[in-house]
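final.txt (compact mmCIF, C-alpha atoms (C1' of nucleotides)) appears below.
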```txt
# COMPACT_ATOMS: atom_id res chain seq x y z
CA MET A 185 -18.61 12.28 -7.91
CA PRO A 186 -18.14 12.86 -4.17
CA GLU A 187 -17.30 16.21 -2.70
CA ALA A 188 -13.64 16.96 -3.10
CA PRO A 189 -12.71 17.30 0.60
CA ALA A 190 -14.54 14.12 1.56
CA GLN A 191 -12.83 12.25 -1.23
CA ALA A 192 -9.43 13.60 -0.20
CA GLU A 193 -10.11 12.44 3.32
CA ARG A 194 -10.95 8.93 2.13
CA PHE A 195 -7.80 8.68 0.08
CA GLY A 196 -5.79 9.96 3.02
CA LYS A 197 -7.35 7.36 5.27
CA ALA A 198 -6.48 4.61 2.79
CA ARG A 199 -2.88 5.86 2.66
CA ALA A 200 -2.63 5.86 6.44
CA GLU A 201 -3.99 2.33 6.59
CA ARG A 202 -1.44 1.21 4.05
CA SER A 203 1.31 2.43 6.33
CA THR A 204 0.00 0.47 9.33
CA ALA A 205 -0.69 -2.67 7.30
CA LEU A 206 2.89 -3.84 7.57
CA LEU A 207 2.92 -3.34 11.33
CA GLU A 208 -0.24 -5.38 11.74
CA ASP A 209 0.92 -8.15 9.44
CA TYR A 210 4.21 -8.48 11.27
CA VAL A 211 2.88 -8.48 14.83
CA GLU A 212 0.18 -10.95 13.85
CA LEU A 213 2.78 -13.19 12.26
CA ILE A 214 5.11 -12.91 15.23
CA ALA A 215 2.27 -13.80 17.58
CA ASP A 216 1.40 -16.84 15.48
CA LEU A 217 4.98 -18.01 15.30
CA PHE A 218 5.37 -17.56 19.03
CA ALA A 219 2.23 -19.56 19.70
CA ALA A 220 3.26 -22.30 17.28
CA ASN A 221 6.97 -22.63 18.08
CA GLY A 222 7.44 -21.06 21.48
CA GLU A 223 9.63 -18.45 19.84
CA ALA A 224 9.59 -16.05 16.92
CA ARG A 225 12.74 -15.74 14.85
CA ALA A 226 13.46 -13.11 12.24
CA ALA A 227 14.27 -15.78 9.66
CA ASP A 228 10.82 -17.34 10.05
CA VAL A 229 9.16 -13.97 9.70
CA ALA A 230 11.11 -13.36 6.50
CA ARG A 231 10.25 -16.75 5.07
CA ARG A 232 6.54 -16.45 5.80
CA GLN A 233 6.40 -12.91 4.50
CA GLY A 234 8.16 -13.97 1.33
CA VAL A 235 10.91 -11.38 1.72
CA THR A 236 14.65 -11.58 2.37
CA HIS A 237 15.96 -11.52 5.93
CA PRO A 238 17.44 -8.06 5.71
CA THR A 239 14.08 -6.71 4.61
CA ALA A 240 12.34 -8.42 7.49
CA LEU A 241 14.96 -7.10 9.91
CA LYS A 242 14.56 -3.59 8.67
CA ASN A 243 10.82 -3.79 9.13
CA ILE A 244 11.23 -5.35 12.55
CA ALA A 245 13.46 -2.42 13.42
CA ARG A 246 10.50 -0.23 12.61
CA LEU A 247 8.29 -2.33 14.88
CA ARG A 248 10.81 -1.75 17.63
CA ARG A 249 10.85 1.99 17.01
CA GLU A 250 7.08 1.95 17.32
CA GLY A 251 7.22 0.05 20.59
CA LEU A 252 5.49 -3.10 19.38
CA VAL A 253 8.39 -5.51 19.64
CA THR A 254 11.47 -5.99 21.79
CA ALA A 255 14.52 -7.99 20.84
CA ARG A 256 18.02 -8.49 22.13
CA PRO A 257 20.72 -8.95 19.50
CA TYR A 258 20.86 -12.44 18.02
CA ARG A 259 17.86 -13.44 20.11
CA GLY A 260 14.26 -14.04 19.23
CA LEU A 261 11.49 -11.48 18.99
CA PHE A 262 9.02 -10.60 21.72
CA LEU A 263 5.85 -8.59 21.50
CA THR A 264 5.28 -5.77 23.93
CA ASP A 265 1.87 -5.36 25.51
CA ALA A 266 0.98 -2.93 22.77
CA GLY A 267 2.21 -5.39 20.16
CA ARG A 268 0.20 -8.23 21.63
CA LYS A 269 -2.88 -6.07 21.77
CA LEU A 270 -2.47 -5.06 18.15
CA ALA A 271 -1.82 -8.66 17.13
CA ASP A 272 -4.95 -9.89 18.87
CA ALA A 273 -7.09 -7.23 17.24
CA ALA A 274 -5.56 -7.92 13.83
CA ARG A 275 -6.08 -11.63 14.13
CA ALA A 276 -9.69 -11.28 15.24
CA ARG A 277 -10.44 -8.88 12.43
CA HIS A 278 -8.69 -11.12 9.92
CA ARG A 279 -10.88 -14.03 10.92
CA VAL A 280 -14.07 -12.00 10.65
CA VAL A 281 -13.11 -10.76 7.20
CA VAL A 282 -12.34 -14.26 5.95
CA ASP A 283 -15.59 -15.58 7.39
CA LEU A 284 -17.60 -12.80 5.82
CA LEU A 285 -16.05 -13.31 2.40
CA ILE A 286 -16.88 -16.97 2.59
CA ALA A 287 -20.38 -16.21 3.86
CA VAL A 288 -21.15 -14.09 0.82
CA GLY A 289 -19.90 -16.80 -1.48
CA ALA A 290 -16.20 -16.24 -2.13
CA PRO A 291 -14.16 -19.44 -2.64
CA ARG A 292 -12.16 -20.25 0.47
CA GLU A 293 -8.78 -19.84 -1.18
CA ALA A 294 -9.73 -16.46 -2.67
CA ALA A 295 -11.19 -15.35 0.65
CA GLU A 296 -7.99 -16.12 2.52
CA ALA A 297 -5.84 -14.41 -0.08
CA ASP A 298 -8.01 -11.32 -0.48
CA ALA A 299 -8.51 -10.88 3.25
CA GLU A 300 -4.76 -10.47 3.64
CA GLY A 301 -4.95 -7.16 1.82
CA MET A 302 -8.49 -6.08 2.63
CA GLU A 303 -8.45 -6.46 6.38
CA HIS A 304 -6.31 -3.40 6.95
CA HIS A 305 -8.97 -1.16 5.46
CA VAL A 306 -11.96 -2.44 7.43
CA SER A 307 -13.12 0.22 9.86
CA LYS A 308 -14.64 -0.45 13.26
CA ALA A 309 -18.11 0.32 11.97
CA THR A 310 -17.78 -2.04 9.03
CA LEU A 311 -16.27 -4.74 11.20
CA LYS A 312 -19.23 -4.50 13.54
CA ALA A 313 -21.55 -4.86 10.55
CA PHE A 314 -19.62 -7.95 9.44
CA GLU A 315 -19.99 -9.50 12.88
CA ARG A 316 -23.69 -8.77 12.98
CA PHE A 317 -24.16 -10.24 9.55
CA LEU A 318 -22.29 -13.41 10.48
CA ALA A 319 -24.19 -13.73 13.74
CA GLU A 320 -27.50 -13.62 11.91
CA ARG A 321 -26.35 -16.00 9.27
CA ARG A 322 -24.64 -18.57 11.43
CA PRO A 323 -25.90 -18.16 14.98
CA ALA A 324 -24.30 -21.31 16.40
CA ASP A 325 -20.93 -20.92 14.73
CA ARG A 326 -17.84 -19.12 15.99
CA ASP A 327 -16.47 -21.91 18.13
CA GLU A 328 -12.75 -22.43 18.35
CA ALA A 329 -12.51 -25.98 17.04
CA PRO A 330 -10.12 -25.31 14.18
CA GLN A 331 -9.87 -28.52 12.18
CA ARG A 332 -9.85 -27.37 8.62
CA GLN A 333 -9.25 -30.24 6.25
CA ALA A 334 -11.12 -28.36 3.60
CA ASP A 335 -7.91 -26.62 2.63
CA GLU A 336 -6.41 -29.59 0.87
CA ASP A 337 -9.10 -30.06 -1.74
CA GLU A 338 -8.62 -26.52 -2.93
CA SER A 339 -6.64 -26.55 -6.12
CA LYS A 340 -4.50 -23.63 -7.09
CA THR A 341 -7.25 -21.67 -8.74
CA SER A 342 -5.30 -18.44 -8.72
CA MET B 962 -1.23 -21.39 10.89
CA PRO B 963 -1.18 -21.70 7.09
CA GLU B 964 1.59 -23.38 5.20
CA ALA B 965 4.58 -21.09 4.90
CA PRO B 966 4.79 -20.94 1.08
CA ALA B 967 1.06 -20.30 0.69
CA GLN B 968 1.24 -17.55 3.28
CA ALA B 969 4.24 -15.96 1.57
CA GLU B 970 2.32 -16.02 -1.69
CA ARG B 971 -0.62 -14.23 -0.11
CA PHE B 972 1.56 -11.55 1.37
CA GLY B 973 3.28 -11.11 -1.96
CA LYS B 974 -0.05 -10.76 -3.71
CA ALA B 975 -1.11 -8.08 -1.21
CA ARG B 976 2.17 -6.22 -1.80
CA ALA B 977 1.69 -6.31 -5.56
CA GLU B 978 -1.87 -5.02 -5.21
CA ARG B 979 -0.63 -2.17 -3.06
CA SER B 980 1.67 -1.09 -5.88
CA THR B 981 -1.16 -1.01 -8.41
CA ALA B 982 -3.60 0.70 -6.07
CA LEU B 983 -2.23 4.15 -6.84
CA LEU B 984 -2.49 3.56 -10.57
CA GLU B 985 -6.10 2.49 -10.27
CA ASP B 986 -7.05 5.35 -7.99
CA TYR B 987 -5.52 7.90 -10.31
CA VAL B 988 -6.98 6.64 -13.58
CA GLU B 989 -10.39 6.28 -11.98
CA LEU B 990 -10.15 9.81 -10.65
CA ILE B 991 -8.98 11.17 -13.99
CA ALA B 992 -11.86 9.44 -15.76
CA ASP B 993 -14.34 10.90 -13.29
CA LEU B 994 -12.92 14.41 -13.63
CA PHE B 995 -12.98 14.12 -17.38
CA ALA B 996 -16.59 12.99 -17.34
CA ALA B 997 -17.60 15.72 -14.93
CA ASN B 998 -15.65 18.68 -16.31
CA GLY B 999 -14.75 17.75 -19.84
CA GLU B 1000 -11.11 17.80 -18.80
CA ALA B 1001 -8.82 16.43 -16.14
CA ARG B 1002 -6.25 18.77 -14.64
CA ALA B 1003 -3.35 17.83 -12.43
CA ALA B 1004 -4.39 20.39 -9.81
CA ASP B 1005 -7.79 18.74 -9.47
CA VAL B 1006 -6.23 15.32 -9.14
CA ALA B 1007 -3.96 16.65 -6.39
CA ARG B 1008 -6.80 18.33 -4.55
CA ARG B 1009 -9.07 15.30 -4.67
CA GLN B 1010 -6.27 12.96 -3.67
CA GLY B 1011 -5.39 15.20 -0.78
CA VAL B 1012 -1.74 15.52 -1.79
CA THR B 1013 0.39 18.42 -3.00
CA HIS B 1014 0.55 19.01 -6.70
CA PRO B 1015 4.20 17.99 -7.09
CA THR B 1016 3.29 14.64 -5.57
CA ALA B 1017 0.39 14.26 -7.98
CA LEU B 1018 2.62 15.24 -10.89
CA LYS B 1019 5.22 12.69 -9.94
CA ASN B 1020 2.60 9.98 -9.75
CA ILE B 1021 1.09 11.07 -13.04
CA ALA B 1022 4.57 10.75 -14.52
CA ARG B 1023 4.47 7.15 -13.40
CA LEU B 1024 1.09 6.69 -15.07
CA ARG B 1025 2.64 8.02 -18.26
CA ARG B 1026 5.58 5.65 -17.99
CA GLU B 1027 3.11 2.82 -17.61
CA GLY B 1028 1.19 3.88 -20.70
CA LEU B 1029 -2.06 4.75 -18.95
CA VAL B 1030 -2.07 8.49 -19.50
CA THR B 1031 -0.86 10.97 -22.08
CA ALA B 1032 -0.30 14.67 -21.49
CA ARG B 1033 1.29 17.55 -23.31
CA PRO B 1034 3.06 20.16 -21.18
CA TYR B 1035 0.71 22.60 -19.47
CA ARG B 1036 -2.25 20.78 -20.95
CA GLY B 1037 -4.81 18.50 -19.36
CA LEU B 1038 -4.54 14.75 -18.88
CA PHE B 1039 -5.91 12.12 -21.23
CA LEU B 1040 -6.36 8.43 -20.64
CA THR B 1041 -5.01 5.98 -23.16
CA ASP B 1042 -7.12 3.02 -24.17
CA ALA B 1043 -5.38 0.97 -21.53
CA GLY B 1044 -6.00 3.70 -19.00
CA ARG B 1045 -9.67 3.94 -19.85
CA LYS B 1046 -10.03 0.19 -19.64
CA LEU B 1047 -8.39 0.12 -16.24
CA ALA B 1048 -10.51 3.04 -15.06
CA ASP B 1049 -13.73 1.36 -16.14
CA ALA B 1050 -12.82 -1.86 -14.40
CA ALA B 1051 -11.77 0.01 -11.26
CA ARG B 1052 -14.95 2.04 -11.16
CA ALA B 1053 -17.18 -0.99 -11.69
CA ARG B 1054 -15.38 -2.90 -8.97
CA HIS B 1055 -15.52 0.08 -6.64
CA ARG B 1056 -19.27 0.29 -7.02
CA VAL B 1057 -19.74 -3.42 -6.35
CA VAL B 1058 -17.62 -3.24 -3.23
CA VAL B 1059 -19.52 -0.25 -1.85
CA ASP B 1060 -22.83 -1.92 -2.61
CA LEU B 1061 -21.78 -5.12 -0.94
CA LEU B 1062 -20.58 -3.38 2.19
CA ILE B 1063 -23.89 -1.59 2.44
CA ALA B 1064 -25.78 -4.80 1.73
CA VAL B 1065 -24.18 -6.55 4.68
CA GLY B 1066 -25.00 -3.65 6.95
CA ALA B 1067 -22.11 -1.20 6.91
CA PRO B 1068 -23.08 2.46 7.28
CA ARG B 1069 -22.95 4.24 3.96
CA GLU B 1070 -20.17 6.62 4.98
CA ALA B 1071 -18.00 3.81 6.33
CA ALA B 1072 -18.70 1.73 3.24
CA GLU B 1073 -17.54 4.48 0.92
CA ALA B 1074 -14.43 5.17 2.97
CA ASP B 1075 -13.44 1.53 3.49
CA ALA B 1076 -14.07 0.59 -0.12
CA GLU B 1077 -11.43 3.07 -1.18
CA GLY B 1078 -8.77 0.90 0.37
CA MET B 1079 -10.36 -2.51 0.11
CA GLU B 1080 -11.26 -2.53 -3.56
CA HIS B 1081 -7.70 -3.00 -4.72
CA HIS B 1082 -7.49 -6.35 -2.96
CA VAL B 1083 -10.69 -7.90 -4.30
CA SER B 1084 -9.87 -10.72 -6.69
CA LYS B 1085 -11.93 -11.66 -9.71
CA ALA B 1086 -13.37 -14.66 -7.92
CA THR B 1087 -14.42 -12.63 -4.90
CA LEU B 1088 -15.84 -9.89 -7.07
CA LYS B 1089 -17.97 -12.44 -8.88
CA ALA B 1090 -19.21 -13.69 -5.53
CA PHE B 1091 -20.09 -10.14 -4.52
CA GLU B 1092 -22.09 -9.66 -7.72
CA ARG B 1093 -23.93 -12.91 -7.24
CA PHE B 1094 -24.74 -12.03 -3.67
CA LEU B 1095 -26.06 -8.62 -4.65
CA ALA B 1096 -28.11 -10.08 -7.49
CA GLU B 1097 -29.80 -12.50 -5.13
CA ARG B 1098 -30.33 -9.88 -2.49
CA ARG B 1099 -31.76 -7.20 -4.72
CA PRO B 1100 -33.00 -8.91 -7.85
CA ALA B 1101 -34.90 -5.97 -9.34
CA ASP B 1102 -32.44 -3.33 -8.28
CA ARG B 1103 -29.30 -2.32 -10.08
CA ASP B 1104 -29.46 -4.86 -12.85
CA GLU B 1105 -27.31 -4.25 -15.87
CA ALA B 1106 -30.10 -3.54 -18.33
CA PRO B 1107 -30.68 0.21 -18.02
CA GLN B 1108 -28.00 2.85 -18.04
CA ARG B 1109 -27.50 4.28 -14.65
CA GLN B 1110 -28.69 7.83 -14.80
CA ALA B 1111 -27.49 8.35 -11.26
CA ASP B 1112 -23.89 8.50 -12.41
CA GLU B 1113 -24.36 11.47 -14.63
CA ASP B 1114 -26.43 13.32 -12.06
CA GLU B 1115 -23.82 12.95 -9.36
CA SER B 1116 -21.18 14.23 -11.72
CA LYS B 1117 -22.86 17.55 -12.19
CA THR B 1118 -23.62 18.23 -8.56
CA SER B 1119 -20.03 18.82 -7.55
C1' DG C 654 38.30 -26.97 21.33
C1' DG C 655 37.92 -25.28 17.07
C1' DA C 656 36.19 -25.12 12.32
C1' DA C 657 32.27 -25.05 9.45
C1' DA C 658 27.56 -23.84 8.98
C1' DA C 659 23.72 -21.18 10.06
C1' DA C 660 21.61 -17.21 11.70
C1' DT C 661 21.75 -12.38 12.44
C1' DT C 662 23.13 -7.81 11.58
C1' DT C 663 25.13 -3.92 8.93
C1' DA C 664 25.95 -1.25 4.77
C1' DG C 665 24.53 0.48 0.60
C1' DC C 666 21.60 0.60 -3.54
C1' DC C 667 17.01 1.37 -5.66
C1' DG C 668 12.11 2.96 -6.69
C1' DA C 669 7.71 4.70 -4.84
C1' DG C 670 5.50 8.33 -2.92
C1' DG C 671 5.32 12.00 0.38
C1' DC C 672 7.07 17.07 1.13
C1' DT C 673 8.99 22.27 0.37
C1' DA C 674 10.96 25.75 -2.42
C1' DC C 675 11.45 27.71 -6.61
C1' DA C 676 10.90 28.33 -11.77
C1' DT C 677 8.05 28.57 -15.61
C1' DT C 678 3.88 28.99 -18.34
C1' DC C 679 -0.83 30.06 -18.93
C1' DC C 680 -4.84 32.88 -18.30
C1' DT C 681 -7.61 36.46 -16.56
C1' DG C 682 -9.07 41.03 -15.16
C1' DT C 683 -8.40 45.68 -15.48
C1' DA D 1415 -1.84 44.51 -23.43
C1' DC D 1416 -0.03 43.20 -19.83
C1' DA D 1417 0.56 42.36 -14.61
C1' DG D 1418 -0.51 39.40 -11.34
C1' DG D 1419 -2.34 35.19 -9.87
C1' DA D 1420 -3.18 30.39 -10.82
C1' DA D 1421 -1.67 26.33 -12.82
C1' DT D 1422 2.13 23.51 -14.14
C1' DG D 1423 6.68 21.83 -13.92
C1' DT D 1424 11.59 21.05 -11.72
C1' DA D 1425 14.93 20.20 -8.04
C1' DG D 1426 16.06 18.27 -3.96
C1' DC D 1427 15.11 16.07 0.39
C1' DC D 1428 12.79 12.53 3.34
C1' DT D 1429 10.97 7.76 4.84
C1' DC D 1430 9.45 3.21 3.71
C1' DG D 1431 10.23 -1.16 2.03
C1' DG D 1432 12.30 -3.97 -1.41
C1' DC D 1433 17.14 -5.99 -2.76
C1' DT D 1434 22.43 -7.88 -2.65
C1' DA D 1435 26.82 -8.27 -0.50
C1' DA D 1436 29.57 -8.66 3.31
C1' DA D 1437 30.56 -8.74 8.29
C1' DT D 1438 29.56 -10.63 12.66
C1' DT D 1439 27.74 -13.76 16.09
C1' DT D 1440 25.82 -18.04 17.44
C1' DT D 1441 25.30 -22.85 17.00
C1' DT D 1442 26.62 -27.30 15.67
C1' DC D 1443 29.36 -30.97 14.77
C1' DC D 1444 33.66 -33.47 14.55
```

The structure in this file should be written as structure tokens.
Amino acid sequence: MPEAPAQAERFGKARAERSTALLEDYVELIADLFAANGEARAADVARRQGVTHPTALKNIARLRREGLVTARPYRGLFLTDAGRKLADAARARHRVVVDLLIAVGAPREAAEADAEGMEHHVSKATLKAFERFLAERRPADRDEAPQRQADEDESKTS
Amino acid sequence: MPEAPAQAERFGKARAERSTALLEDYVELIADLFAANGEARAADVARRQGVTHPTALKNIARLRREGLVTARPYRGLFLTDAGRKLADAARARHRVVVDLLIAVGAPREAAEADAEGMEHHVSKATLKAFERFLAERRPADRDEAPQRQADEDESKTS
DNA sequence: GGAAAAATTTAGCCGAGGCTACATTCCTGT
DNA sequence: ACAGGAATGTAGCCTCGGCTAAATTTTTCC
């Protein structure tokens, strides 16, 4: 069993990460929607999060309080510089986590699903280790050509 | 960008896992305390979780509602069969996650800290992949044949 | 132009999980 | 044996993140 204070610190860290997970998920989603549609609407965020619109709006209100998003009433959502920065970091980390899970043998569908929850708890040091591991394993990979037909053959193995 | 329904499902899965994370952490901790001290007290749980004792008590009340723990007033905590089963699974998974993080190059301290949050989001399929990867990597190490004397030693050194 | 539909926002409820302050019960040391 | 300190429990408050219901604003369509 670990030392009590060290263990308490780890649990506290995990709790803190849980509270930022929602922020990261939302800004990442808003960035994706903006890139895909030229705008990010609250209704789309709600639909993709699998929550009702009021819930999404309440959470977006929190993003605004935290200075990650701006929005004028009845208009779309816009990331601030801080929001964009956070979204970029979250997206990059997400991709590394998915790639690592696949590299160690996780089925693609499981990797994508698990990464959604795991990514928020990956520290800088661990992320660096993931990147190093992937670089050794697949030195020529990492390009941006994103055609991924492999998704379709995956049955719902959940 | 993934399909909207699939993405919503992933987010929903992550939310559900977040709600069971506390249960798993607590039963695992109670099992460890019981093994180490012959009893599990609420004050110890609070201290090791890094929360105040009323918070721990409230969460333990939830464990009782969920049938994972029994307790008589002013007495220690006891896991039910369901609680023990959950604790064993959580502990085994925790160990695999830590080992995997170390195996791919994460510093030990980061691995232990990150695993605390990540473990709750590792699906069965991904866990199996982790085990396979570790078995290939370290064939003679850590196999399931002998009992792991290291566990008992660590318990006493607190 | 105006009515119907769609999107957005507000209001209010709930449970989970933090906290402080205070009450109670156990246990230990003198 | 009992007084004081430690452990346990209770009460009440907070925020976060779900929800439904209803109000408001925008958009669309006739």

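Over all paired C-alpha atoms, chain B superimposes on chain A with an RMSD of 4.6 Å.
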
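Within 12 Å of DC667 in chain C, once only C-alpha atoms (C1' of nucleotides) are used and residues closer than 6 positions along the same chain are dropped, the contacting residues are DG1431, DG1432, DC1433 and DT1434 of chain D.
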
At most 9 Å to chain C: residues in chain A, all atoms listed in the file, as number ranges by chain: A: 226-227, 237-238, 241, 257-259

Go through chain D and flag each residue having an atom no more than 10 Å from chain B; for those, report the closest pair of atoms plus their distance in Å to one decimal, using all atoms listed in the file, ordered by chain and rising number, as CSV.
```
residue,atom,partner,partner_atom,distance
D:DA1421,C1',B:Ala1004,CA,7.2
D:DT1422,C1',B:Tyr1035,CA,5.6
D:DG1423,C1',B:Tyr1035,CA,8.2
D:DT1424,C1',B:Pro1015,CA,9.2
```

Test item: chain A residues at most 6 Å from chain B, counting all atoms listed in the file, as an NGL selection string: :A and (185 or 188 or 191-192 or 194-195 or 198 or 232-234 or 289-290 or 297-298 or 301-302 or 305-306 or 310 or 313)

Point-to-point distance from C1' of DC1427 in chain D to CA of Val1030 in chain B, Å rounded to tenths: 27.4 Å

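The space separating CA of Arg1098 in chain B from CA of Ala276 in chain A comes to 27.2 Å.
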
May I have the centre and edge lengths, in Å to one decimal, of an axis-aligned box around the listed atoms of range 1425-1444 of chain D with 4 Å added to every side, as AutoDock Vina command-line options?
```
--center_x 21.6 --center_y -6.6 --center_z 4.7 --size_x 32.2 --size_y 61.7 --size_z 33.5
```

For C1' of DT1440 in chain D and CA of Leu261 in chain A, the interatomic separation in Å (one decimal): 15.8 Å
